[in-house]
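Here the structure is laid out as structure tokens; the discussion comes afterwards.
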Amino acid sequence: MAPSGVMTEDDRYRTSTQYRLWSYTPQSLHALRTTTNQLAADRVREAVQRVREMKSSEDVSGTDSRSASVAPEGTVDCLTVEEELKLIAFYCRQTLQLGDHLNVPTEVKSTAIQYIKRFYITNSIMTYSPADILKTALFFATKTENHYFRLTKFAEAMSKTKPEDILASEFLLTQGLRFTFDVRHPFRALEGAVMEIRAMTSGQIEGGPLLGLGKRAYAAHGLAKNYLKTSALLTDVYFHFTPSQIMMASLMIADRELIQLYLSTKFTSDGENMAQKILETLEKCAEMLQTVEPTSGASPAERKEASTLGKKLRKCRNPEKIDLVSLQRAKREGEDGLDEKVVKKRKMEREQSAKEADDLFGPSIKKE
């Protein structure tokens, strides 16, 4: 038990944005995703209707627009929540493979995937394409994980990608992440736990029943790491469990008996109830981890299903949100189309506000 006034690791985690903003029960997470899916489906149908009406008026006037040309024909069959999740999982695997192609560290790939999964809690792939978002998420992750990557070089490493393609969804992603970029991973916790277990197995520190089990600890380490680098990222465990719980669950999958012996060294007979609660939590986490095989590539069946769902997605995309680059360019050029006097006035107001903000005693008081 930590001394009075000293924060434990658990206390520190509870102050993080990951715990405060991105922790959910399975029920609340499903409810959020369902709401997002329903809202997006309604907006897609409304947008398609507007585009069709625009197309009809353009046919009469003889003009044409890009959004009108991409509007689907007939009834719009939107994706379900489950179908969206399957496509998101597929694109998360694509992110892992893209990260391998760019030779970025595991932490960068893992953070990027969490950005994608967080973004699509309140945004739908029917509105914003994951093919666009994943590139921005991976580029974001190189910044937050201190792995510098020049934007032009990053774009050049991917086919048919320009720097503006990556930047087009930058603010959208930032908003979707609620301006929080910290992601707590279980990788360091795994290395620390395994280091202690190995010390116990070799007799360097008191380990009791673990003495002489060094080979099993080594094997468990490798398998657990594979689960953390794949299954933990592709399931929802980050939303439901702490990094230390995810780490211990991966070790439990690798060698259940070894981890039970390890946990037995942490509790006295008075702590049996607490030990049982921890084991039950780890069991739930391990069960979720085992729903996805610890491999980065999609199976042939998953690829086939993703291809089918991808075709369906193309017919239910929001036609007004397809070209993010053009939308961003239109926003930037919006001020250029204003009257010169209006632009100048806005500039003077911004400069005056900045000057007053820098004044130690605030803005001057206007005389009557």
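Quick note on naming: the chains in the structure tokens go A, B, ... in the order shown, residues restart at 1 in each chain, and ligands are numbered from 1 in order of appearance.
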Discussion item. I want to know what sits within 10 Å of A:Glu83, based on only C-alpha atoms, with residues of the same chain fewer than 6 positions away left out; could you give that as a PyMOL selection string?
Written reply: chain A and resi 89+305-306+309-310+312-313
Can you spit out the residues from that selection as a PDB file, in the first residue's frame, using all heavy atoms?
```pdb
ATOM      1  N   ALA A  89     -12.121  -2.198 -38.259  1.00  0.00           N
ATOM      2  CA  ALA A  89     -11.099  -3.183 -37.882  1.00  0.00           C
ATOM      3  C   ALA A  89     -10.178  -3.483 -39.062  1.00  0.00           C
ATOM      4  O   ALA A  89      -8.957  -3.610 -38.911  1.00  0.00           O
ATOM      5  CB  ALA A  89     -11.762  -4.469 -37.381  1.00  0.00           C
ATOM      6  N   GLU A 305     -14.977 -10.222 -46.947  1.00  0.00           N
ATOM      7  CA  GLU A 305     -16.092  -9.495 -46.330  1.00  0.00           C
ATOM      8  C   GLU A 305     -15.862  -7.991 -46.394  1.00  0.00           C
ATOM      9  O   GLU A 305     -16.788  -7.229 -46.656  1.00  0.00           O
ATOM     10  CB  GLU A 305     -16.258  -9.937 -44.875  1.00  0.00           C
ATOM     11  CG  GLU A 305     -17.478  -9.334 -44.211  1.00  0.00           C
ATOM     12  CD  GLU A 305     -17.722  -9.867 -42.824  1.00  0.00           C
ATOM     13  OE1 GLU A 305     -16.739 -10.274 -42.156  1.00  0.00           O
ATOM     14  OE2 GLU A 305     -18.885  -9.881 -42.385  1.00  0.00           O
ATOM     15  N   ALA A 306     -14.607  -7.561 -46.179  1.00  0.00           N
ATOM     16  CA  ALA A 306     -14.286  -6.130 -46.246  1.00  0.00           C
ATOM     17  C   ALA A 306     -14.514  -5.587 -47.651  1.00  0.00           C
ATOM     18  O   ALA A 306     -14.972  -4.450 -47.827  1.00  0.00           O
ATOM     19  CB  ALA A 306     -12.845  -5.896 -45.817  1.00  0.00           C
ATOM     20  N   LEU A 309     -18.269  -5.154 -48.058  1.00  0.00           N
ATOM     21  CA  LEU A 309     -18.741  -3.995 -47.293  1.00  0.00           C
ATOM     22  C   LEU A 309     -18.226  -2.694 -47.900  1.00  0.00           C
ATOM     23  O   LEU A 309     -18.905  -1.659 -47.836  1.00  0.00           O
ATOM     24  CB  LEU A 309     -18.287  -4.116 -45.835  1.00  0.00           C
ATOM     25  CG  LEU A 309     -18.952  -5.233 -45.019  1.00  0.00           C
ATOM     26  CD1 LEU A 309     -18.339  -5.309 -43.625  1.00  0.00           C
ATOM     27  CD2 LEU A 309     -20.455  -5.012 -44.926  1.00  0.00           C
ATOM     28  N   GLY A 310     -17.030  -2.744 -48.493  1.00  0.00           N
ATOM     29  CA  GLY A 310     -16.481  -1.558 -49.144  1.00  0.00           C
ATOM     30  C   GLY A 310     -17.337  -1.112 -50.317  1.00  0.00           C
ATOM     31  O   GLY A 310     -17.537   0.090 -50.536  1.00  0.00           O
ATOM     32  N   LYS A 312     -20.539  -1.678 -50.554  1.00  0.00           N
ATOM     33  CA  LYS A 312     -21.763  -1.121 -49.966  1.00  0.00           C
ATOM     34  C   LYS A 312     -21.508   0.300 -49.464  1.00  0.00           C
ATOM     35  O   LYS A 312     -22.357   1.186 -49.618  1.00  0.00           O
ATOM     36  CB  LYS A 312     -22.236  -2.013 -48.814  1.00  0.00           C
ATOM     37  CG  LYS A 312     -23.543  -1.535 -48.177  1.00  0.00           C
ATOM     38  CD  LYS A 312     -24.028  -2.499 -47.091  1.00  0.00           C
ATOM     39  CE  LYS A 312     -25.322  -1.996 -46.460  1.00  0.00           C
ATOM     40  NZ  LYS A 312     -25.815  -2.919 -45.398  1.00  0.00           N
ATOM     41  N   LEU A 313     -20.321   0.522 -48.869  1.00  0.00           N
ATOM     42  CA  LEU A 313     -19.974   1.847 -48.350  1.00  0.00           C
ATOM     43  C   LEU A 313     -19.946   2.884 -49.464  1.00  0.00           C
ATOM     44  O   LEU A 313     -20.397   4.022 -49.272  1.00  0.00           O
ATOM     45  CB  LEU A 313     -18.612   1.795 -47.645  1.00  0.00           C
ATOM     46  CG  LEU A 313     -18.033   3.131 -47.164  1.00  0.00           C
ATOM     47  CD1 LEU A 313     -18.963   3.806 -46.163  1.00  0.00           C
ATOM     48  CD2 LEU A 313     -16.649   2.922 -46.555  1.00  0.00           C
TER      49      LEU A 313
END
```
Worksheet item: How far is it from atom CA of A:Pro300 to atom CA of A:Leu134, in Å with one decimal?
Response: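 Separating atom CA of A:Pro300 from atom CA of A:Leu134 is a distance of 21.8 Å.
Reported to one decimal place, the separation of atom CA of A:Gln94 from atom CA of A:Thr161 is 15.4 Å.
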Item to complete: Counting only C-alpha atoms, figure out which residue out of A:Leu210, A:Glu191, A:Asn37, A:Glu293 gets nearest to A:Thr265.
Response: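 Residue with the minimum atom-to-atom distance to A:Thr265: A:Leu210.
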Practice prompt. Excluding A:Thr180 and residues on its chain fewer than 2 positions from it, collect all residues at most 9 Å away from it, counting only C-alpha atoms, and give them as a PyMOL selection string.
Written response: chain A and resi 17-18+21+174-175+177-178+182-183
Those same residues, written as a compact mmCIF listing (two decimals), in the first residue's frame with C-alpha atoms?
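Below you can see part-v6.txt, which holds the result:
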```
# COMPACT_ATOMS: atom_id res chain seq x y z
CA THR A 17 -7.74 11.85 -20.28
CA GLN A 18 -7.75 8.21 -21.38
CA LEU A 21 -12.83 10.71 -21.48
CA THR A 174 -8.50 16.82 -33.64
CA GLN A 175 -12.15 17.60 -32.93
CA LEU A 177 -10.33 13.24 -30.39
CA ARG A 178 -11.72 16.06 -28.20
CA ASP A 182 -2.37 11.12 -24.82
CA VAL A 183 -2.65 7.33 -25.18
```
Worksheet item: Quick one: distance from atom CA of A:Val194 to atom CA of A:Pro243 in Å, one decimal?
Response: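 Here the two named atoms are 14.8 Å from each other.
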